[in-house]
>>> print(open('start.txt').read())   # compact mmCIF, C-alpha atoms
# COMPACT_ATOMS: atom_id res chain seq x y z
CA MET A 4 96.78 67.60 125.21
CA LEU A 5 96.63 71.16 126.45
CA GLN A 6 96.97 72.24 130.06
CA LEU A 7 96.21 75.80 131.15
CA THR A 8 97.26 78.02 134.02
CA ARG A 9 96.13 81.66 134.13
CA LEU A 10 97.33 84.66 136.13
CA ARG A 11 95.82 88.10 135.65
CA LEU A 12 97.45 91.41 136.54
CA TRP A 13 96.11 94.97 136.23
CA TRP A 14 97.98 98.25 135.68
CA ARG A 15 96.62 101.83 135.88
CA LEU A 16 98.49 104.11 134.73
CA SER A 17 105.43 109.91 110.65
CA PRO A 18 101.72 109.91 109.72
CA ALA A 19 101.43 107.20 107.07
CA VAL A 20 99.47 106.67 103.89
CA GLY A 21 95.84 105.68 104.46
CA VAL A 22 94.13 102.87 102.56
CA PRO A 23 91.21 104.14 100.41
CA ALA A 24 87.79 103.51 101.94
CA LYS A 25 86.47 102.12 98.64
CA ASN A 26 88.68 99.05 99.13
CA LEU A 27 87.23 98.08 102.53
CA GLY A 28 85.07 95.26 101.21
CA LEU A 29 87.70 93.71 98.93
CA ARG A 30 90.20 90.95 99.58
CA LYS A 31 93.48 91.97 97.99
CA VAL A 32 97.13 92.58 98.83
CA ALA A 33 98.31 96.18 98.96
CA SER A 34 101.96 97.19 99.34
CA GLY A 35 102.90 98.76 102.65
CA VAL A 36 105.86 96.71 103.81
CA SER A 37 109.02 98.43 104.96
CA SER A 38 112.03 98.58 102.68
CA ARG A 39 114.57 95.76 102.78
CA GLY A 40 116.68 95.85 105.92
CA SER A 41 114.90 98.89 107.33
CA THR A 42 114.51 99.23 111.09
CA SER A 43 113.97 101.93 113.66
CA PRO A 44 117.21 103.84 114.32
CA ARG A 45 116.74 103.42 118.09
CA ALA A 46 116.32 99.61 117.93
CA LEU A 47 118.87 96.81 118.13
CA ASN A 48 118.64 94.56 115.08
CA ILE A 49 118.08 91.33 117.05
CA PHE A 50 115.89 89.70 114.40
CA ASP A 51 116.55 89.52 110.67
CA ARG A 52 113.19 90.74 109.38
CA ASP A 53 113.93 89.69 105.80
CA LEU A 54 114.71 86.18 107.01
CA LYS A 55 111.54 86.18 109.12
CA ARG A 56 109.53 87.17 106.03
CA LYS A 57 111.05 84.26 104.08
CA GLN A 58 110.30 81.84 106.92
CA LYS A 59 106.65 82.88 107.10
CA ASN A 60 106.29 82.71 103.32
CA TRP A 61 107.83 79.23 103.30
CA ALA A 62 105.47 78.04 106.03
CA ALA A 63 102.42 79.47 104.22
CA ARG A 64 103.38 77.63 101.01
CA GLN A 65 103.46 74.18 102.63
CA PRO A 66 100.83 71.68 101.39
CA GLU A 67 99.24 71.36 104.85
CA PRO A 68 100.04 74.51 106.86
CA MET A 69 97.15 73.82 109.23
CA LYS A 70 98.99 70.72 110.46
CA PHE A 71 101.36 72.96 112.45
CA ASP A 72 98.98 75.84 113.22
CA TYR A 73 97.38 74.37 116.35
CA LEU A 74 99.07 76.81 118.74
CA LYS A 75 98.29 79.85 116.58
CA GLU A 76 94.70 78.63 116.25
CA GLU A 77 94.36 78.24 120.01
CA VAL A 78 95.80 81.66 120.87
CA GLY A 79 93.75 83.28 118.09
CA SER A 80 90.55 81.85 119.55
CA ARG A 81 91.46 83.15 123.03
CA ILE A 82 92.03 86.65 121.68
CA ALA A 83 88.63 86.44 119.96
CA ASP A 84 87.10 85.47 123.33
CA ARG A 85 88.53 88.67 124.81
CA VAL A 86 87.01 90.68 121.97
CA TYR A 87 83.61 89.15 122.73
CA ASP A 88 84.06 90.03 126.42
CA ILE A 89 83.82 93.73 125.47
CA THR A 90 80.15 94.63 125.15
CA ARG A 91 80.31 96.72 122.00
CA ASP A 92 80.73 96.27 118.28
CA PHE A 93 83.72 97.43 116.22
CA PRO A 94 82.94 98.88 112.78
CA LEU A 95 86.59 98.79 111.67
CA ALA A 96 89.29 96.49 113.06
CA LEU A 97 92.94 95.71 112.32
CA ASP A 98 95.01 92.54 112.86
CA VAL A 99 98.75 93.29 113.09
CA GLY A 100 100.84 90.32 111.95
CA CYS A 101 97.78 88.26 111.05
CA GLY A 102 99.47 85.26 109.44
CA ARG A 103 96.70 83.21 107.83
CA GLY A 104 93.96 84.97 109.83
CA TYR A 105 93.96 83.03 113.09
CA ILE A 106 91.88 85.66 114.93
CA ALA A 107 89.46 86.75 112.21
CA GLN A 108 88.13 83.23 111.62
CA HIS A 109 86.74 83.23 115.18
CA LEU A 110 84.97 86.61 114.89
CA ASN A 111 81.56 87.34 113.38
CA LYS A 112 80.20 90.27 111.40
CA GLU A 113 77.84 91.22 114.22
CA THR A 114 80.87 92.14 116.34
CA VAL A 115 83.34 93.38 113.68
CA GLY A 116 82.09 95.24 110.61
CA LYS A 117 85.21 95.23 108.41
CA PHE A 118 88.63 93.78 109.07
CA PHE A 119 92.08 94.81 107.86
CA GLN A 120 94.78 92.13 108.07
CA THR A 121 98.48 93.05 107.82
CA ASP A 122 101.52 90.82 107.60
CA ILE A 123 105.08 90.95 106.22
CA ALA A 124 104.56 87.68 104.32
CA GLU A 125 102.59 87.96 101.09
CA HIS A 126 101.96 84.22 100.84
CA ALA A 127 100.35 84.18 104.28
CA LEU A 128 97.96 86.91 103.12
CA LYS A 129 97.17 85.01 99.91
CA ASN A 130 96.32 81.85 101.85
CA THR A 131 94.15 83.26 104.64
CA LEU A 132 91.50 81.09 106.27
CA GLU A 133 87.81 81.43 105.48
CA MET A 134 85.89 84.05 107.48
CA GLU A 135 82.54 85.78 107.30
CA ILE A 136 83.83 89.34 107.86
CA PRO A 137 84.64 91.55 104.82
CA THR A 138 88.44 91.65 104.80
CA VAL A 139 91.31 93.61 103.24
CA SER A 140 94.83 92.16 103.26
CA VAL A 141 97.71 94.65 103.45
CA LEU A 142 101.40 93.79 103.10
CA ALA A 143 102.98 95.78 105.93
CA ASP A 144 105.55 95.61 108.72
CA GLU A 145 104.39 95.76 112.35
CA GLU A 146 106.77 98.67 112.99
CA PHE A 147 105.63 100.68 109.94
CA LEU A 148 101.83 100.55 109.75
CA PRO A 149 100.53 102.36 106.61
CA PHE A 150 97.38 103.85 108.14
CA ARG A 151 96.26 107.31 109.22
CA GLU A 152 95.85 108.38 112.83
CA ASN A 153 92.56 107.54 114.59
CA THR A 154 91.44 104.95 112.01
CA PHE A 155 90.47 101.75 113.84
CA ASP A 156 88.04 100.92 116.64
CA LEU A 157 89.90 97.70 117.48
CA VAL A 158 93.46 96.44 116.93
CA VAL A 159 94.47 92.84 117.65
CA SER A 160 97.76 90.98 117.32
CA SER A 161 98.55 87.32 118.01
CA LEU A 162 102.15 86.20 118.66
CA SER A 163 103.74 88.33 115.89
CA LEU A 164 105.11 91.13 118.11
CA HIS A 165 107.65 88.72 119.59
CA TRP A 166 109.80 89.07 116.46
CA VAL A 167 109.84 92.86 116.02
CA ASN A 168 113.10 94.66 116.73
CA ASP A 169 111.48 97.75 118.26
CA LEU A 170 108.52 96.71 120.41
CA PRO A 171 107.99 100.22 121.89
CA ARG A 172 107.70 101.63 118.35
CA ALA A 173 105.28 98.89 117.29
CA LEU A 174 103.03 99.64 120.29
CA GLU A 175 103.22 103.36 119.52
CA GLN A 176 102.16 102.63 115.92
CA ILE A 177 99.19 100.63 117.17
CA HIS A 178 98.19 103.42 119.55
CA TYR A 179 98.55 105.95 116.72
CA VAL A 180 96.10 104.18 114.37
CA LEU A 181 93.51 103.53 117.11
CA LYS A 182 90.56 105.89 117.48
CA PRO A 183 90.05 107.53 120.89
CA ASP A 184 88.33 104.97 123.15
CA GLY A 185 89.61 102.24 120.83
CA VAL A 186 91.08 99.08 122.31
CA PHE A 187 94.17 96.98 121.59
CA ILE A 188 94.16 93.25 122.44
CA GLY A 189 97.40 91.37 121.85
CA ALA A 190 99.32 88.21 122.72
CA MET A 191 103.04 87.50 122.96
CA PHE A 192 105.21 84.58 124.04
CA GLY A 193 106.20 84.77 127.70
CA GLY A 194 109.56 84.17 129.33
CA ASP A 195 108.80 80.60 130.44
CA THR A 196 108.09 79.44 126.89
CA LEU A 197 109.86 76.15 126.00
CA TYR A 198 111.65 76.05 129.35
CA GLU A 199 111.92 72.25 129.08
CA LEU A 200 113.80 72.55 125.80
CA ARG A 201 115.99 75.40 127.04
CA CYS A 202 116.92 73.55 130.23
CA SER A 203 117.78 70.37 128.35
CA LEU A 204 119.95 72.25 125.87
CA GLN A 205 121.76 74.07 128.67
CA LEU A 206 122.40 70.85 130.59
CA ALA A 207 123.63 69.01 127.51
CA GLU A 208 125.86 71.85 126.33
CA THR A 209 127.29 72.42 129.81
CA GLU A 210 128.12 68.72 130.11
CA ARG A 211 129.84 68.60 126.72
CA GLU A 212 131.28 72.10 126.35
CA GLY A 213 131.67 73.32 129.93
CA GLY A 214 129.24 76.21 129.32
CA PHE A 215 126.24 77.17 127.23
CA SER A 216 124.99 79.88 124.90
CA PRO A 217 121.37 80.96 124.25
CA HIS A 218 119.56 79.01 121.54
CA VAL A 219 116.15 80.69 121.93
CA SER A 220 115.29 84.29 121.08
CA PRO A 221 114.83 86.72 124.03
CA PHE A 222 111.42 87.22 125.62
CA THR A 223 109.70 90.26 127.11
CA ALA A 224 109.13 90.10 130.87
CA VAL A 225 105.52 90.35 132.02
CA SER A 226 106.56 93.14 134.42
CA ASP A 227 107.72 95.20 131.42
CA LEU A 228 104.55 94.93 129.36
CA GLY A 229 102.52 97.31 131.52
CA HIS A 230 105.28 99.93 131.36
CA LEU A 231 105.66 99.55 127.58
CA LEU A 232 101.92 99.90 127.02
CA GLY A 233 101.74 102.92 129.32
CA ARG A 234 104.70 104.56 127.60
CA ALA A 235 102.97 104.06 124.24
CA GLY A 236 99.97 106.01 125.57
CA PHE A 237 97.54 103.22 126.52
CA THR A 238 95.34 103.47 129.61
CA THR A 239 93.25 101.06 131.72
CA LEU A 240 95.71 98.24 131.13
CA THR A 241 95.20 94.54 131.75
CA VAL A 242 97.85 91.82 131.38
CA ASP A 243 97.21 88.14 132.02
CA THR A 244 99.18 85.00 131.26
CA ASP A 245 98.33 81.47 130.16
CA GLU A 246 100.53 78.41 130.09
CA ILE A 247 99.72 75.92 127.35
CA GLN A 248 101.49 72.57 127.57
CA VAL A 249 101.65 70.40 124.46
CA ASN A 250 102.79 66.78 124.79
CA TYR A 251 104.55 65.60 121.66
CA PRO A 252 104.72 61.85 120.79
CA GLY A 253 108.55 61.74 120.64
CA MET A 254 111.79 62.97 119.08
CA PHE A 255 114.34 61.51 116.68
CA GLU A 256 116.75 58.93 118.06
CA LEU A 257 119.50 61.46 117.56
CA MET A 258 117.92 63.54 120.33
CA GLU A 259 117.31 60.62 122.68
CA ASP A 260 119.68 61.87 125.37
CA LEU A 261 117.84 65.17 125.61
CA GLN A 262 114.50 63.40 125.51
CA GLU A 263 115.36 61.26 128.53
CA MET A 264 115.86 64.38 130.66
CA TYR A 265 112.19 65.42 130.42
CA ARG A 266 110.31 62.40 129.15
CA ASN A 267 106.77 61.90 130.50
CA GLU A 268 105.67 58.54 131.91
CA ASP A 269 103.80 57.83 128.65
CA GLY A 270 106.96 58.53 126.62
CA SER A 271 105.79 61.89 125.25
CA VAL A 272 107.90 65.04 125.46
CA PRO A 273 106.30 68.14 127.07
CA ALA A 274 106.70 71.64 125.69
CA THR A 275 105.21 74.58 127.59
CA TYR A 276 104.23 77.81 125.85
CA GLN A 277 103.65 80.79 128.13
CA ILE A 278 101.40 83.40 126.52
CA TYR A 279 101.03 87.00 127.72
CA TYR A 280 97.71 88.63 126.83
CA MET A 281 97.47 92.42 127.01
CA ILE A 282 94.61 94.89 126.72
CA GLY A 283 95.03 98.66 126.49
CA TRP A 284 92.69 101.51 125.61
CA LYS A 285 93.33 104.79 123.84
CA TYR A 286 92.28 107.67 126.07
CA HIS A 287 88.91 109.36 125.66
CA ASP A 288 87.12 111.81 127.96
CA SER A 289 84.20 109.39 128.37
CA GLN A 290 86.36 106.71 129.97
CA ALA A 291 86.22 106.06 133.71
CA ARG A 292 89.25 107.45 135.54
CA PRO A 293 90.69 106.68 138.98
CA ALA A 294 89.74 109.10 141.73
CA GLU A 295 92.23 111.78 142.72
CA ARG A 296 94.75 110.87 145.37
CA GLY A 297 93.50 111.72 148.85
CA SER A 298 89.82 111.71 147.88
CA ALA A 299 89.00 108.39 149.62
CA THR A 300 86.50 108.53 152.47
CA VAL A 301 87.53 105.20 154.03
CA SER A 302 91.09 104.21 154.98
CA PHE A 303 92.60 100.80 154.33
CA GLY A 304 92.91 100.32 158.09
CA GLU A 305 89.15 100.56 158.48
CA LEU A 306 88.56 97.95 155.77
CA GLY A 307 89.81 95.30 158.19
CA LYS A 308 86.83 96.01 160.44
CA ILE A 309 84.29 94.98 157.80
CA ASN A 310 84.31 91.30 158.79
CA ASP A 311 83.71 92.21 162.45
CA LEU A 312 80.79 94.46 161.54
CA MET A 313 79.25 91.74 159.34
CA SER A 314 79.64 89.16 162.12
CA GLN A 315 77.93 91.49 164.63
CA GLY A 316 75.09 92.04 162.19
CA LYS A 317 74.49 88.30 161.77
CA LYS A 318 74.45 87.77 165.57
CA SER A 319 71.90 90.54 166.04
CA GLN A 320 69.62 88.84 163.51
>>> encode(input="start.txt", output="structure tokens")
Amino acid sequence: MLQLTRLRLWWRLSPAVGVPAKNLGLRKVASGVSSRGSTSPRALNIFDRDLKRKQKNWAARQPEPMKFDYLKEEVGSRIADRVYDITRDFPLALDVGCGRGYIAQHLNKETVGKFFQTDIAEHALKNTLEMEIPTVSVLADEEFLPFRENTFDLVVSSLSLHWVNDLPRALEQIHYVLKPDGVFIGAMFGGDTLYELRCSLQLAETEREGGFSPHVSPFTAVSDLGHLLGRAGFTTLTVDTDEIQVNYPGMFELMEDLQEMYRNEDGSVPATYQIYYMIGWKYHDSQARPAERGSATVSFGELGKINDLMSQGKKSQ
């Protein structure tokens, strides 16, 4: 069972090796991943990227990976919906942190001509889902994209940017590989994700230990996303948020005390995933721009008189 709440907000505000064009129609894995343990010198090493690569490879090798992919599938389809909302086609697109191709499977070749998929996990790339778009799989880190400047018309990313150590750098890399007037559409976990689990752990640990420590990785605040996108060079920004609640059938008896704290009436255990969706464009002279400050011909004070004028007009009729 999925439940959805949406809020939408608006904000105004080393060249790498390119992949040969002759490979665009092929499905293969090309090396472009960062060296072991590498990270941006300005970033805190919060996440062990080598461990994350092993985790994703392990998950991709499971006999039935689709059994646990329901959230990735759902978010991937919602990103695809946002692509379809833009009334244009995209000859060349890129998915950053694609996993098994949760976005590409929902797109068609009339909208996207050719699709590059990058991920740090080689087994995820080898086990991608079926899709109708010609696809190239590239082994690469989100913070070290191996593409030339101004390459792609569209860049998408679903839930993978949560685990990068240098999010500003990753957004700058995405902006770098976009063509002018290209668009980036991404999704990340929001700060209210798994709040039921976090609250139950905090209550249990406080009761037993007299205090608590964080057990969930840090999240980016929605108020920061607009600033990060703007700092990376994106314009005409849009950020909106969904809340997806999944009701699980139960937990092991060992966790019964925690389960009782947030059990539903039907005995299931709720888990809420907050998803931030972001859209940003790379600047081009053809794009609409906000008017210069002071150029308005009507003040905000006069806008309040509109209802009175409309009411007078109806009475006169």
>>> residues_around(input="start.txt", residues="A:Thr90", least_positions_apart="5", cutoff="12 Å", atoms="only C-alpha atoms", output="ChimeraX atom specification")
/A:84-85,113-115
>>> write_last_selection(input="start.txt", atoms="C-alpha atoms", output="JSON list (two decimals), in the frame of the given file")
[["chain", "number", "residue", "atom", "x", "y", "z"],
["A", 84, "ASP", "CA", 87.10, 85.47, 123.33],
["A", 85, "ARG", "CA", 88.53, 88.67, 124.81],
["A", 113, "GLU", "CA", 77.84, 91.22, 114.22],
["A", 114, "THR", "CA", 80.87, 92.14, 116.34],
["A", 115, "VAL", "CA", 83.34, 93.38, 113.68]]
>>> atom_distance(input="start.txt", atom1="atom CA of A:Asn250", atom2="atom CA of A:Leu204")
18.0 Å
>>> residues_near_point(input="start.txt", point="(105.3, 89.3, 103.1)", cutoff="7 Å", atoms="all atoms listed in the file", output="tab-separated table (two decimals) with C-alpha atoms, in the frame of the given file")
chain	number	residue	atom	x	y	z
A	56	ARG	CA	109.53	87.17	106.03
A	60	ASN	CA	106.29	82.71	103.32
A	122	ASP	CA	101.52	90.82	107.60
A	123	ILE	CA	105.08	90.95	106.22
A	124	ALA	CA	104.56	87.68	104.32
A	125	GLU	CA	102.59	87.96	101.09
A	126	HIS	CA	101.96	84.22	100.84
A	142	LEU	CA	101.40	93.79	103.10
>>> residues_near_point(input="start.txt", point="(86.2, 91.7, 105.1)", cutoff="6 Å", atoms="all atoms listed in the file", output="ChimeraX atom specification")
/A:28,117-118,136-139
>>> write_last_selection(input="start.txt", atoms="C-alpha atoms", output="mmCIF file, in the coordinates of the input")
data_model
loop_
_atom_site.group_PDB
_atom_site.id
_atom_site.type_symbol
_atom_site.label_atom_id
_atom_site.label_comp_id
_atom_site.auth_asym_id
_atom_site.auth_seq_id
_atom_site.Cartn_x
_atom_site.Cartn_y
_atom_site.Cartn_z
ATOM 1 C CA GLY A 28 85.070 95.260 101.210
ATOM 2 C CA LYS A 117 85.210 95.230 108.410
ATOM 3 C CA PHE A 118 88.630 93.780 109.070
ATOM 4 C CA ILE A 136 83.830 89.340 107.860
ATOM 5 C CA PRO A 137 84.640 91.550 104.820
ATOM 6 C CA THR A 138 88.440 91.650 104.800
ATOM 7 C CA VAL A 139 91.310 93.610 103.240
#
>>> atom_distance(input="start.txt", atom1="atom CA of A:Glu208", atom2="atom CA of A:Thr275")
20.9 Å
>>> closest_residue(input="start.txt", among="A:Lys129, A:Thr121, A:Tyr279, A:Ala96", to="A:Arg64", atoms="all atoms listed in the file")
A:Lys129
>>> atom_distance(input="start.txt", atom1="atom CA of A:Gly297", atom2="atom CA of A:Thr239")
20.2 Å
>>> residues_around(input="start.txt", residues="A:His287", least_positions_apart="4", cutoff="10 Å", atoms="only C-alpha atoms", output="PyMOL selection string")
chain A and resi 182-185+238+291
>>> closest_residue(input="start.txt", among="A:Leu157, A:Ile89, A:Val99, A:Ala274", to="A:Ser140", atoms="only C-alpha atoms")
A:Val99
>>> residues_around(input="start.txt", residues="A:Arg234", least_positions_apart="4", cutoff="10 Å", atoms="all atoms listed in the file", output="list in words")
Leu16, Pro171, Leu174, Glu175, Leu228, Gly229, His230 and Thr238 of chain A
